[in-house]
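Novice: There's a structure below that I have some questions on.
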Amino acid sequence: GKRALRIAYAAASWGHVDADAHGFVAWRKALRNACRALEAHQCQWVWISMSGNGAEKAIQRYADADFCLQPPGDTLPRPGIVDALSVGCVPVLFHPGQQTLWPDHWPSYNESSVLLDWSDGAPRPRVRDHKQYAERARQALQTLLAIQEPELQRLQRGLVAAAPNLIYREPLMEPAALSGSSVAIASSSSALPSTPPSTSASVPSLSASSATPPT
């Protein structure tokens, strides 16, 4: 069935020391601001703390949305990518390195994700000021809003095929359940690949800080 929300975004935009050092916080802040500028049915942002506050709400938003924004944080991998796949939300990636994180488990990434490449050919952002990404973020969300139904359906079929290889839990969800608009899972922590990604860094949390989020 048709989902109630077009775009969901669950991430902190401050508090990640490594993400700030790498420059990815600028991407996160620009996307947060662009999302908050849209109508409620177009995009919703959920703040998540390091201790997990907001995680359940994030999964609920993912389950209601067509597209889920997944900018890098402390590292390129994000549990949110797998969380999105597990509830039928198309992950939107912002760095080409995110496409090949789990080649054994997600070889068909082109069929179940969208890449909006913000890397400009560099491993890390060259610009660290989030205001410099404001127009790029606005255009990115408009691109997602403009995707036509046939393309969305193609990506959703890719999700149904990809999800069982990325969810480490028993029993696996039935494929039919993934295409519904009210899919829910008990915990985002269970939605992890069966083997760790082949990177030197550990997979970061979706969260950033346990303090009250800034406006």
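Within each chain, counting starts at residue 1; across the structure tokens, chains are named A, B, ... in the order shown, with ligands numbered 1 upward in that order.
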Could you list, as a PyMOL selection string, every residue within 10 Å of Gln70 in chain A, counting only C-alpha atoms and ignoring same-chain residues fewer than 3 positions away?

Specialist: chain A and resi 8-11+28+31+67+73+76-81+84+90-95+98+115+206

Novice: Just the residues within 12 Å of Ile7 in chain A, please, counting only C-alpha atoms, with nothing from its chain fewer than 4 positions along; format it as a PyMOL selection string.

Specialist: chain A and resi 3+31-32+34-36+38-46+58+61-70+84+89-92+140-147

Novice: Could you write out, as a ChimeraX atom specification, all the residues of range 45-185 of chain A that DSSP marks as helix (DSSP H, G or I)?

Specialist: /A:55-64,79-86,96-100,109-111,130-146,149-166,175-178

Novice: Could you work out how far CA of Asp129 in chain A lies from CA of Ala26 in chain A, giving the answer in Å with one decimal?

Specialist: 5.7 Å

Novice: Tell me, as a list in words, which residues lie within 10 Å of Lys131 in chain A, counting only C-alpha atoms; anything in the same chain fewer than 6 positions away does not count.

Specialist: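 In the requested format, the answer is Ala26, Trp27, Lys29, Ala30, Asn33 and Ala137 of chain A.
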
Novice: Next, write the just-selected residues to a file, as a CSV table (one decimal), in the first residue's frame, keeping C-alpha atoms as the atom set.

Specialist:
chain,number,residue,atom,x,y,z
A,26,ALA,CA,27.9,19.6,7.7
A,27,TRP,CA,26.0,17.2,5.4
A,29,LYS,CA,22.9,19.6,9.4
A,30,ALA,CA,22.1,20.7,5.8
A,33,ASN,CA,17.4,21.8,7.9
A,137,ALA,CA,20.3,19.5,0.3
